[in-house]
>>> print(open('structure-v6.txt').read())   # compact mmCIF, C-alpha atoms and all ligand atoms
# COMPACT_ATOMS: atom_id res chain seq x y z
CA MET P 1 -27.49 81.79 -23.95
CA PRO P 2 -25.76 78.52 -22.95
CA GLU P 3 -24.33 78.41 -19.45
CA PRO P 4 -20.52 78.74 -19.34
CA PRO P 5 -18.91 75.43 -18.34
CA SER P 6 -18.22 75.00 -14.62
CA PRO P 7 -14.52 74.98 -13.65
CA VAL P 8 -14.79 71.20 -13.10
CA SER P 9 -16.29 70.39 -16.52
CA ALA P 10 -13.91 72.80 -18.28
CA PHE P 11 -11.03 70.98 -16.64
CA CYS P 12 -12.42 67.58 -17.72
CA LEU P 13 -12.59 68.75 -21.34
CA LEU P 14 -8.93 69.71 -21.19
CA LEU P 15 -8.01 66.17 -20.15
CA ALA P 16 -9.27 64.49 -23.29
CA PRO P 17 -5.98 64.56 -25.26
CA TYR P 18 -4.26 62.69 -22.43
CA ARG P 19 -6.45 59.57 -22.44
CA ARG P 20 -4.15 57.24 -24.30
CA VAL P 21 -2.09 54.18 -23.61
CA VAL P 22 1.65 54.52 -23.14
CA SER P 23 3.79 52.03 -24.99
CA ALA P 24 7.57 52.06 -25.05
CA VAL P 25 9.19 48.70 -25.65
CA ASN P 26 12.66 48.30 -27.07
CA THR P 27 14.07 45.23 -28.75
CA ARG P 28 17.57 44.11 -27.88
CA GLU P 29 19.49 43.72 -31.08
CA SER P 30 22.89 42.56 -29.85
CA GLY P 31 24.23 39.20 -28.67
CA VAL P 32 21.98 36.21 -28.03
CA ALA P 33 19.35 38.18 -26.13
CA LYS P 34 15.85 37.50 -27.33
CA ALA P 35 13.68 39.36 -24.85
CA LYS P 36 12.26 42.80 -25.50
CA VAL P 37 13.75 45.15 -22.95
CA ILE P 38 11.01 47.26 -21.41
CA ASP P 39 12.23 50.84 -21.17
CA GLY P 40 11.01 51.95 -17.75
CA LYS P 41 12.83 55.28 -18.04
CA ALA P 42 10.88 56.19 -21.18
CA VAL P 43 7.51 55.08 -19.79
CA ALA P 44 8.20 56.97 -16.54
CA ALA P 45 9.32 60.11 -18.40
CA GLU P 46 6.09 60.13 -20.38
CA LEU P 47 3.96 59.68 -17.26
CA ARG P 48 5.87 62.43 -15.44
CA SER P 49 5.40 64.75 -18.35
CA ARG P 50 1.64 64.06 -18.48
CA VAL P 51 1.41 64.66 -14.72
CA GLY P 52 3.34 67.91 -15.18
CA ASP P 53 1.03 69.08 -17.98
CA ILE P 54 -2.10 68.38 -15.97
CA ALA P 55 -0.65 69.94 -12.80
CA ALA P 56 0.07 73.08 -14.84
CA ARG P 57 -3.51 73.11 -16.14
CA LEU P 58 -4.84 72.65 -12.59
CA HIS P 59 -2.75 75.62 -11.58
CA ASP P 60 -3.68 77.82 -14.53
CA GLU P 61 -7.36 76.91 -14.77
CA MET P 62 -8.25 76.38 -11.13
CA ASN P 63 -5.48 78.10 -9.16
CA VAL P 64 -4.55 74.79 -7.48
CA THR P 65 -0.90 73.99 -6.70
CA THR P 66 -0.56 70.25 -6.14
CA GLY P 67 1.69 69.54 -3.14
CA LEU P 68 3.54 66.55 -1.73
CA ALA P 69 4.98 66.38 1.80
CA ALA P 70 7.74 63.85 2.51
CA VAL P 71 8.65 63.05 6.12
CA LEU P 72 12.15 61.75 6.84
CA VAL P 73 13.14 60.48 10.28
CA GLY P 74 16.83 60.00 11.08
CA SER P 75 19.79 59.92 8.75
CA ASP P 76 19.61 56.65 6.81
CA PRO P 77 21.64 57.45 3.65
CA ALA P 78 19.39 55.53 1.23
CA SER P 79 16.25 57.18 2.65
CA GLN P 80 17.87 60.60 2.28
CA VAL P 81 18.64 59.87 -1.37
CA TYR P 82 15.07 58.68 -2.04
CA VAL P 83 13.43 61.67 -0.33
CA ARG P 84 15.68 64.12 -2.18
CA ALA P 85 14.83 62.40 -5.48
CA LYS P 86 11.10 62.64 -4.73
CA GLY P 87 11.42 66.36 -3.99
CA ARG P 88 13.39 66.95 -7.18
CA ALA P 89 10.83 65.03 -9.25
CA CYS P 90 8.03 67.20 -7.79
CA SER P 91 9.87 70.40 -8.66
CA THR P 92 10.60 69.22 -12.20
CA ALA P 93 6.93 68.38 -12.77
CA GLY P 94 5.82 71.70 -11.27
CA LEU P 95 4.38 70.20 -8.07
CA GLY P 96 4.95 71.84 -4.70
CA SER P 97 7.12 69.81 -2.35
CA PHE P 98 7.63 69.99 1.40
CA GLU P 99 10.41 68.03 3.10
CA LEU P 100 10.16 67.55 6.86
CA ARG P 101 13.16 66.08 8.68
CA PHE P 102 13.13 64.83 12.26
CA PRO P 103 15.87 63.34 14.45
CA ASP P 104 16.18 59.59 15.07
CA ASP P 105 14.92 59.98 18.62
CA ILE P 106 11.63 61.73 17.83
CA SER P 107 8.87 60.07 19.87
CA GLU P 108 6.06 58.15 18.23
CA ALA P 109 3.49 60.59 19.64
CA ALA P 110 5.40 63.60 18.29
CA LEU P 111 5.63 62.00 14.84
CA VAL P 112 1.89 61.28 14.85
CA ALA P 113 1.29 64.94 15.74
CA GLU P 114 3.45 66.05 12.77
CA VAL P 115 1.53 63.77 10.40
CA GLU P 116 -1.76 65.18 11.71
CA LYS P 117 -0.53 68.72 10.98
CA LEU P 118 0.10 67.69 7.36
CA ASN P 119 -3.36 66.08 7.17
CA ALA P 120 -4.84 69.45 8.11
CA ASP P 121 -2.61 71.52 5.82
CA ASP P 122 -4.56 72.56 2.74
CA ARG P 123 -1.39 73.09 0.68
CA VAL P 124 -0.59 69.38 1.04
CA ASP P 125 -2.37 66.85 -1.20
CA GLY P 126 -0.05 63.90 -0.55
CA VAL P 127 1.76 62.77 2.61
CA LEU P 128 4.43 60.10 2.73
CA VAL P 129 6.56 58.94 5.62
CA GLN P 130 9.78 57.45 4.29
CA LEU P 131 10.40 53.91 5.54
CA PRO P 132 12.08 52.29 7.38
CA LEU P 133 11.45 54.12 10.66
CA PRO P 134 13.62 53.77 13.79
CA GLY P 135 12.84 50.65 15.83
CA HIS P 136 11.10 52.47 18.73
CA ILE P 137 8.37 53.74 16.39
CA ASP P 138 5.42 51.54 15.44
CA VAL P 139 5.23 51.90 11.66
CA HIS P 140 1.60 50.74 11.60
CA ARG P 141 0.58 53.50 14.01
CA ILE P 142 2.29 56.16 11.86
CA ILE P 143 0.77 54.90 8.61
CA ALA P 144 -2.66 54.73 10.26
CA ALA P 145 -2.28 58.40 11.26
CA ILE P 146 -2.06 59.55 7.62
CA ASP P 147 -5.35 60.76 6.12
CA PRO P 148 -6.23 57.89 3.68
CA ASP P 149 -7.14 60.46 1.02
CA LYS P 150 -3.60 61.93 1.25
CA ASP P 151 -1.86 58.53 1.61
CA VAL P 152 0.02 58.64 -1.71
CA ASP P 153 2.01 55.51 -0.78
CA GLY P 154 -1.26 53.57 -0.58
CA PHE P 155 -0.13 51.87 2.65
CA HIS P 156 -3.01 52.96 4.95
CA PRO P 157 -5.31 50.04 5.92
CA VAL P 158 -8.24 51.85 4.28
CA ASN P 159 -6.37 51.98 0.95
CA VAL P 160 -5.23 48.36 1.36
CA GLY P 161 -8.89 47.37 1.84
CA ARG P 162 -9.98 49.48 -1.14
CA LEU P 163 -7.33 47.81 -3.29
CA TRP P 164 -8.61 44.31 -2.49
CA SER P 165 -12.33 45.05 -2.48
CA GLY P 166 -12.50 47.90 -5.03
CA PRO P 167 -13.02 50.54 -6.13
CA SER P 168 -9.38 51.28 -5.50
CA GLY P 169 -8.24 54.31 -3.52
CA LEU P 170 -4.58 55.29 -3.77
CA VAL P 171 -2.56 52.34 -5.10
CA PRO P 172 1.02 51.67 -3.91
CA CYS P 173 3.51 53.19 -6.34
CA THR P 174 5.90 50.34 -7.13
CA PRO P 175 3.23 47.73 -7.98
CA GLN P 176 1.28 50.37 -9.88
CA GLY P 177 4.45 51.07 -11.89
CA CYS P 178 4.94 47.34 -12.55
CA LEU P 179 1.39 47.08 -13.88
CA ASN P 180 1.96 50.08 -16.16
CA LEU P 181 5.06 48.36 -17.56
CA LEU P 182 3.19 45.08 -18.06
CA ARG P 183 0.54 46.97 -19.98
CA THR P 184 3.15 48.14 -22.48
CA VAL P 185 3.53 44.48 -23.48
CA HIS P 186 0.08 42.97 -22.78
CA ASP P 187 -3.12 44.62 -23.98
CA ASP P 188 -5.10 42.06 -21.98
CA LEU P 189 -3.83 40.27 -18.89
CA SER P 190 -7.04 38.27 -18.48
CA GLY P 191 -6.40 34.60 -17.77
CA ALA P 192 -2.62 34.96 -17.62
CA ASP P 193 -0.74 32.88 -15.04
CA ALA P 194 1.03 35.48 -12.89
CA VAL P 195 3.58 34.66 -10.20
CA VAL P 196 4.70 37.23 -7.64
CA LEU P 197 7.96 36.41 -5.92
CA GLY P 198 7.86 38.04 -2.46
CA ARG P 199 5.02 38.94 -0.09
CA SER P 200 5.97 42.33 1.36
CA ASN P 201 3.28 44.86 2.27
CA LEU P 202 4.99 47.42 0.01
CA VAL P 203 5.21 45.35 -3.18
CA GLY P 204 4.32 41.63 -3.18
CA LYS P 205 0.85 41.77 -1.61
CA PRO P 206 -0.44 44.86 -3.49
CA MET P 207 1.05 43.48 -6.72
CA ALA P 208 -0.95 40.27 -6.24
CA ALA P 209 -4.12 42.34 -5.67
CA LEU P 210 -3.56 44.37 -8.85
CA LEU P 211 -2.91 41.28 -10.97
CA LEU P 212 -6.00 39.59 -9.55
CA ALA P 213 -8.06 42.69 -10.37
CA ALA P 214 -6.68 42.40 -13.93
CA ASN P 215 -8.11 38.83 -14.06
CA CYS P 216 -4.79 36.99 -13.81
CA THR P 217 -4.49 33.67 -11.99
CA VAL P 218 -2.13 34.74 -9.24
CA THR P 219 0.35 32.72 -7.19
CA VAL P 220 2.51 34.33 -4.49
CA VAL P 221 5.84 32.60 -3.87
CA HIS P 222 7.68 33.33 -0.61
CA SER P 223 10.51 32.08 1.56
CA LYS P 224 8.51 29.07 2.79
CA SER P 225 7.23 28.02 -0.65
CA ARG P 226 8.31 24.58 -1.86
CA ASP P 227 10.15 24.61 -5.19
CA ALA P 228 9.92 28.28 -6.12
CA ALA P 229 11.66 27.58 -9.43
CA ALA P 230 8.97 25.09 -10.54
CA ILE P 231 6.16 27.53 -9.67
CA CYS P 232 7.89 30.40 -11.50
CA ARG P 233 8.39 28.18 -14.57
CA ARG P 234 4.60 28.08 -15.03
CA ALA P 235 4.29 31.87 -15.15
CA ASP P 236 3.27 33.90 -18.18
CA ILE P 237 4.11 36.91 -16.01
CA LEU P 238 6.73 36.88 -13.28
CA VAL P 239 7.17 39.81 -10.89
CA ALA P 240 10.33 39.34 -8.84
CA ALA P 241 10.27 41.28 -5.56
CA ALA P 242 12.20 39.02 -3.23
CA GLY P 243 15.10 41.37 -2.40
CA ARG P 244 17.74 38.75 -3.27
CA PRO P 245 20.28 39.64 -5.95
CA GLN P 246 20.03 37.58 -9.15
CA MET P 247 17.91 34.91 -7.47
CA VAL P 248 15.87 34.23 -10.62
CA LYS P 249 17.82 32.22 -13.19
CA ALA P 250 17.05 31.30 -16.80
CA THR P 251 15.93 27.81 -15.70
CA TRP P 252 13.09 29.46 -13.68
CA ILE P 253 11.53 31.06 -16.77
CA ASN P 254 8.68 29.88 -18.97
CA PRO P 255 9.94 30.62 -22.52
CA GLY P 256 8.37 33.86 -23.75
CA ALA P 257 7.27 35.01 -20.27
CA THR P 258 7.28 38.67 -19.27
CA VAL P 259 9.63 39.29 -16.35
CA ILE P 260 9.38 42.38 -14.15
CA ASP P 261 12.36 42.88 -11.84
CA VAL P 262 11.62 44.98 -8.73
CA GLY P 263 14.97 44.24 -7.05
CA ILE P 264 17.31 47.08 -6.08
CA ASN P 265 20.12 45.25 -4.30
CA PRO P 266 23.34 47.18 -3.68
CA VAL P 267 26.26 44.75 -4.00
CA PRO P 268 29.76 45.80 -2.87
CA LEU P 269 32.57 45.68 -5.45
CA PRO P 270 36.23 44.90 -4.67
CA ASP P 271 37.25 48.56 -5.22
CA GLY P 272 34.97 49.67 -2.37
CA SER P 273 32.22 51.02 -4.64
CA SER P 274 28.94 49.21 -5.18
CA ARG P 275 26.59 48.34 -8.00
CA VAL P 276 22.88 47.72 -7.97
CA LEU P 277 21.64 44.29 -9.02
CA GLY P 278 18.07 43.16 -9.58
CA ASP P 279 16.43 39.99 -8.31
CA VAL P 280 16.77 38.55 -11.82
CA ASP P 281 19.91 37.28 -13.50
CA PHE P 282 19.30 39.54 -16.49
CA ASP P 283 21.91 38.21 -18.91
CA SER P 284 20.72 34.61 -18.76
CA VAL P 285 17.00 35.30 -18.30
CA CYS P 286 16.75 37.56 -21.34
CA THR P 287 17.74 34.62 -23.55
CA VAL P 288 14.50 32.83 -22.49
CA ALA P 289 11.97 35.53 -21.55
CA GLY P 290 9.77 37.35 -24.06
CA ALA P 291 10.12 40.72 -22.35
CA ILE P 292 12.08 41.91 -19.33
CA THR P 293 12.74 45.06 -17.30
CA PRO P 294 16.37 46.04 -16.75
CA VAL P 295 17.92 47.16 -13.45
CA PRO P 296 18.51 50.06 -13.35
CA GLY P 297 16.10 51.68 -15.79
CA GLY P 298 13.06 49.45 -15.36
CA VAL P 299 10.75 49.55 -12.35
CA GLY P 300 12.80 52.11 -10.36
CA PRO P 301 11.89 55.18 -12.45
CA MET P 302 8.22 54.15 -12.43
CA THR P 303 7.95 54.31 -8.63
CA ILE P 304 8.56 58.06 -8.46
CA ALA P 305 6.46 58.70 -11.57
CA CYS P 306 3.55 56.88 -9.91
CA LEU P 307 4.09 58.86 -6.71
CA LEU P 308 3.60 62.08 -8.70
CA ARG P 309 0.59 60.52 -10.39
CA ASN P 310 -0.93 59.58 -6.99
CA THR P 311 -0.31 63.09 -5.66
CA LEU P 312 -2.10 64.59 -8.65
CA LEU P 313 -4.94 62.08 -8.26
CA ALA P 314 -5.26 62.94 -4.54
CA ALA P 315 -5.34 66.65 -5.42
CA CYS P 316 -8.12 66.07 -7.97
CA ARG P 317 -10.22 63.81 -5.74
CA ARG P 318 -10.01 66.26 -2.83
CA ARG P 319 -11.63 68.82 -5.10
CA GLY P 320 -14.28 66.53 -6.57
CA LEU P 321 -12.46 66.18 -9.93
CA PRO P 322 -12.26 62.84 -11.80
CA ASP P 323 -9.04 60.86 -12.26
CA PRO P 324 -7.13 62.98 -14.79
CA LEU P 325 -5.07 60.11 -16.18
CA LEU P 326 -7.61 57.37 -16.73
N1 LIG T 401 10.94 52.89 1.57
C1 LIG T 401 11.21 52.08 0.54
N2 LIG T 401 10.25 52.15 -0.42
C2 LIG T 401 9.35 53.05 0.05
C3 LIG T 401 8.15 53.57 -0.48
O1 LIG T 401 7.68 53.20 -1.58
N3 LIG T 401 7.51 54.49 0.29
C4 LIG T 401 7.98 54.88 1.51
N4 LIG T 401 7.27 55.78 2.20
N5 LIG T 401 9.11 54.42 2.02
C5 LIG T 401 9.78 53.51 1.29
>>> encode(input="structure-v6.txt", output="structure tokens", more="lines below")
Ligand code: GUN
Amino acid sequence: MPEPPSPVSAFCLLLAPYRRVVSAVNTRESGVAKAKVIDGKAVAAELRSRVGDIAARLHDEMNVTTGLAAVLVGSDPASQVYVRAKGRACSTAGLGSFELRFPDDISEAALVAEVEKLNADDRVDGVLVQLPLPGHIDVHRIIAAIDPDKDVDGFHPVNVGRLWSGPSGLVPCTPQGCLNLLRTVHDDLSGADAVVLGRSNLVGKPMAALLLAANCTVTVVHSKSRDAAAICRRADILVAAAGRPQMVKATWINPGATVIDVGINPVPLPDGSSRVLGDVDFDSVCTVAGAITPVPGGVGPMTIACLLRNTLLAACRRRGLPDPLL
């Protein structure tokens, strides 16, 4: 009689229907706009649903509940909103979520001790510490305290090293989301001229690493670069992550280029409310670009979807399972 499949191989068989490429690109039909508008909400919703399906199978087939722990220090309003949204996304996808809140004046040593508790907690597959942290805490020390195999932000030096030298560990969520969106437009990025605007540890640098791994020719433009506009104009792919509202104008764009806008810049309005603007002047740029992400509704939804994806990946790897979403 043939041996019954092991729990691991049975689980792998169940993954087969999910190995497919996501593609959701809309075409703008009104006005003078020419660019395809990349629907980040739709791509993110599909990824979240796939994560949810696989998390449910992990639970049903292997009695594993995938769990994410988010640590929030202090009362920064934006951080509170982000952490709440991450918890809600976990619940919707059927992942366990733990939210740990600490006062502004928690000591660095006490915060390290809390992170170490989460590292040792078997219910927790992913740990993230919401940034920014209060000034008296060394962010590098806190990130270094996270178990690299639970570091679902991909910020730990071990994961940074893995990203650049391969094979990759856990990849930062926002650049991972940008790459997923690019792949809805480009089957092959090989040889493309890619420009990344911004060199932050959270987005610009890991984005450059991912594009290089995809065989692009990568240029990183930053605040000391000479003639940013001229460099951007050469790009087949432009990822704008400078944190400056509407910095990128139509004259910066190579006709037909794909433009990914990472900016989330709150701008006050005269009535006291605010609106969020990207780093790209959408209305003018979409008359020149070939494809573009909107703000909101582009990169933003992908960040949380990729966080869920990383948490699921961490849960699988901890148990010797392959990447369920390859
Ligand atoms: N603050 C702003 N973006 C992020 C992020 O991606 N992860 C964490 N942990 N904090 C952030």
>>> closest_atom_pairs(input="structure-v6.txt", of="chain P", to="ligand LIG 401 (chain T)", cutoff="7 Å", atoms="all atoms listed in the file", output="tab-separated table")
residue	atom	partner	partner_atom	distance
P:Ser79	CA	T:LIG401	N1	6.9
P:Leu128	CA	T:LIG401	N4	5.2
P:Val129	CA	T:LIG401	N4	4.7
P:Gln130	CA	T:LIG401	N4	3.7
P:Leu131	CA	T:LIG401	N5	3.8
P:Pro132	CA	T:LIG401	N1	6.0
P:Asp153	CA	T:LIG401	N3	5.7
P:Cys173	CA	T:LIG401	O1	6.3
P:Thr174	CA	T:LIG401	O1	6.5
P:Leu202	CA	T:LIG401	O1	6.6
>>> residues_around(input="structure-v6.txt", residues="Gly161 of chain P", least_positions_apart="3", cutoff="12 Å", atoms="all atoms listed in the file", output="CSV table (one decimal) with C-alpha atoms, in the frame of the given file")
chain,number,residue,atom,x,y,z
P,148,PRO,CA,-6.2,57.9,3.7
P,154,GLY,CA,-1.3,53.6,-0.6
P,155,PHE,CA,-0.1,51.9,2.6
P,156,HIS,CA,-3.0,53.0,5.0
P,157,PRO,CA,-5.3,50.0,5.9
P,158,VAL,CA,-8.2,51.8,4.3
P,164,TRP,CA,-8.6,44.3,-2.5
P,165,SER,CA,-12.3,45.0,-2.5
P,166,GLY,CA,-12.5,47.9,-5.0
P,167,PRO,CA,-13.0,50.5,-6.1
P,168,SER,CA,-9.4,51.3,-5.5
P,169,GLY,CA,-8.2,54.3,-3.5
P,170,LEU,CA,-4.6,55.3,-3.8
P,171,VAL,CA,-2.6,52.3,-5.1
P,205,LYS,CA,0.8,41.8,-1.6
P,206,PRO,CA,-0.4,44.9,-3.5
P,209,ALA,CA,-4.1,42.3,-5.7
>>> closest_residue(input="structure-v6.txt", among="P:Leu182, P:Ala241, P:Leu312, P:Val218", to="Ser200 of chain P", atoms="all atoms listed in the file")
P:Ala241
>>> closest_residue(input="structure-v6.txt", among="P:Leu212, P:Leu269, P:Val280, P:Ala56", to="Ala242 of chain P", atoms="all atoms listed in the file")
P:Val280
>>> closest_residue(input="structure-v6.txt", among="P:Ser107, P:Val239, P:Leu95, P:Gly135", to="His59 of chain P", atoms="all atoms listed in the file")
P:Leu95
>>> residues_around(input="structure-v6.txt", residues="segment 244-246 of chain P", least_positions_apart="6", cutoff="7 Å", atoms="all atoms listed in the file", output="list in words")
Asn265, Leu277, Gly278, Asp279, Val280 and Asp281 of chain P
>>> write_last_selection(input="structure-v6.txt", atoms="C-alpha atoms", output="PDB file, in the frame of the given file")
ATOM      1  CA  ASN P 265      20.120  45.250  -4.300  1.00  0.00           C
ATOM      2  CA  LEU P 277      21.640  44.290  -9.020  1.00  0.00           C
ATOM      3  CA  GLY P 278      18.070  43.160  -9.580  1.00  0.00           C
ATOM      4  CA  ASP P 279      16.430  39.990  -8.310  1.00  0.00           C
ATOM      5  CA  VAL P 280      16.770  38.550 -11.820  1.00  0.00           C
ATOM      6  CA  ASP P 281      19.910  37.280 -13.500  1.00  0.00           C
TER       7      ASP P 281
END
>>> atom_distance(input="structure-v6.txt", atom1="atom CA of Val259 of chain P", atom2="atom CA of Leu211 of chain P")
13.8 Å
>>> atom_distance(input="structure-v6.txt", atom1="atom CA of Asp187 of chain P", atom2="atom CA of Thr303 of chain P")
21.3 Å
>>> closest_residue(input="structure-v6.txt", among="P:Cys316, P:Val185, P:Ala145, P:Cys306", to="Gly290 of chain P", atoms="all atoms listed in the file")
P:Val185
>>> atom_distance(input="structure-v6.txt", atom1="atom CA of Val71 of chain P", atom2="atom CA of Leu100 of chain P")
4.8 Å
>>> closest_residue(input="structure-v6.txt", among="P:Met302, P:Leu163, P:Ala89, P:Ile260", to="Phe282 of chain P", atoms="all atoms listed in the file")
P:Ile260
>>> residues_around(input="structure-v6.txt", residues="Pro266 of chain P", least_positions_apart="2", cutoff="8 Å", atoms="only C-alpha atoms", output="ChimeraX atom specification")
/P:264,268,274-277
>>> closest_residue(input="structure-v6.txt", among="P:Gly67, P:Gly177, P:Gly126, P:Gly243", to="Asp149 of chain P", atoms="only C-alpha atoms")
P:Gly126
>>> residues_around(input="structure-v6.txt", residues="Glu116 of chain P", least_positions_apart="4", cutoff="9 Å", atoms="only C-alpha atoms", output="ChimeraX atom specification")
/P:111-112,120-121,145-147
>>> build_atoms(input="structure-v6.txt", residues="segment 141-155 of chain P", atoms="N, CA and C atoms", output="mmCIF file, keeping the file's coordinate frame")
data_model
loop_
_atom_site.group_PDB
_atom_site.id
_atom_site.type_symbol
_atom_site.label_atom_id
_atom_site.label_comp_id
_atom_site.auth_asym_id
_atom_site.auth_seq_id
_atom_site.Cartn_x
_atom_site.Cartn_y
_atom_site.Cartn_z
ATOM 1 N N ARG P 141 1.273 52.374 13.378
ATOM 2 C CA ARG P 141 0.580 53.500 14.010
ATOM 3 C C ARG P 141 0.792 54.774 13.187
ATOM 4 N N ILE P 142 2.003 54.940 12.641
ATOM 5 C CA ILE P 142 2.290 56.160 11.860
ATOM 6 C C ILE P 142 1.495 56.131 10.544
ATOM 7 N N ILE P 143 1.503 54.983 9.884
ATOM 8 C CA ILE P 143 0.770 54.900 8.610
ATOM 9 C C ILE P 143 -0.727 55.130 8.853
ATOM 10 N N ALA P 144 -1.230 54.578 9.965
ATOM 11 C CA ALA P 144 -2.660 54.730 10.260
ATOM 12 C C ALA P 144 -3.019 56.188 10.572
ATOM 13 N N ALA P 145 -2.005 56.999 10.935
ATOM 14 C CA ALA P 145 -2.280 58.400 11.260
ATOM 15 C C ALA P 145 -2.441 59.263 10.008
ATOM 16 N N ILE P 146 -1.971 58.760 8.858
ATOM 17 C CA ILE P 146 -2.060 59.550 7.620
ATOM 18 C C ILE P 146 -3.519 59.539 7.127
ATOM 19 N N ASP P 147 -4.004 60.683 6.719
ATOM 20 C CA ASP P 147 -5.350 60.760 6.120
ATOM 21 C C ASP P 147 -5.366 59.830 4.884
ATOM 22 N N PRO P 148 -6.239 58.817 4.827
ATOM 23 C CA PRO P 148 -6.230 57.890 3.680
ATOM 24 C C PRO P 148 -6.331 58.594 2.331
ATOM 25 N N ASP P 149 -6.984 59.757 2.308
ATOM 26 C CA ASP P 149 -7.140 60.460 1.020
ATOM 27 C C ASP P 149 -5.872 61.233 0.633
ATOM 28 N N LYS P 150 -4.894 61.315 1.569
ATOM 29 C CA LYS P 150 -3.600 61.930 1.250
ATOM 30 C C LYS P 150 -2.479 60.891 1.233
ATOM 31 N N ASP P 151 -2.840 59.620 1.455
ATOM 32 C CA ASP P 151 -1.860 58.530 1.610
ATOM 33 C C ASP P 151 -1.341 58.097 0.233
ATOM 34 N N VAL P 152 -0.419 58.889 -0.328
ATOM 35 C CA VAL P 152 0.020 58.640 -1.710
ATOM 36 C C VAL P 152 0.899 57.398 -1.849
ATOM 37 N N ASP P 153 1.336 56.817 -0.719
ATOM 38 C CA ASP P 153 2.010 55.510 -0.780
ATOM 39 C C ASP P 153 1.004 54.375 -0.903
ATOM 40 N N GLY P 154 -0.242 54.631 -0.540
ATOM 41 C CA GLY P 154 -1.260 53.570 -0.580
ATOM 42 C C GLY P 154 -1.069 52.508 0.492
ATOM 43 N N PHE P 155 -0.431 52.873 1.612
ATOM 44 C CA PHE P 155 -0.130 51.870 2.650
ATOM 45 C C PHE P 155 -1.170 51.858 3.781
#
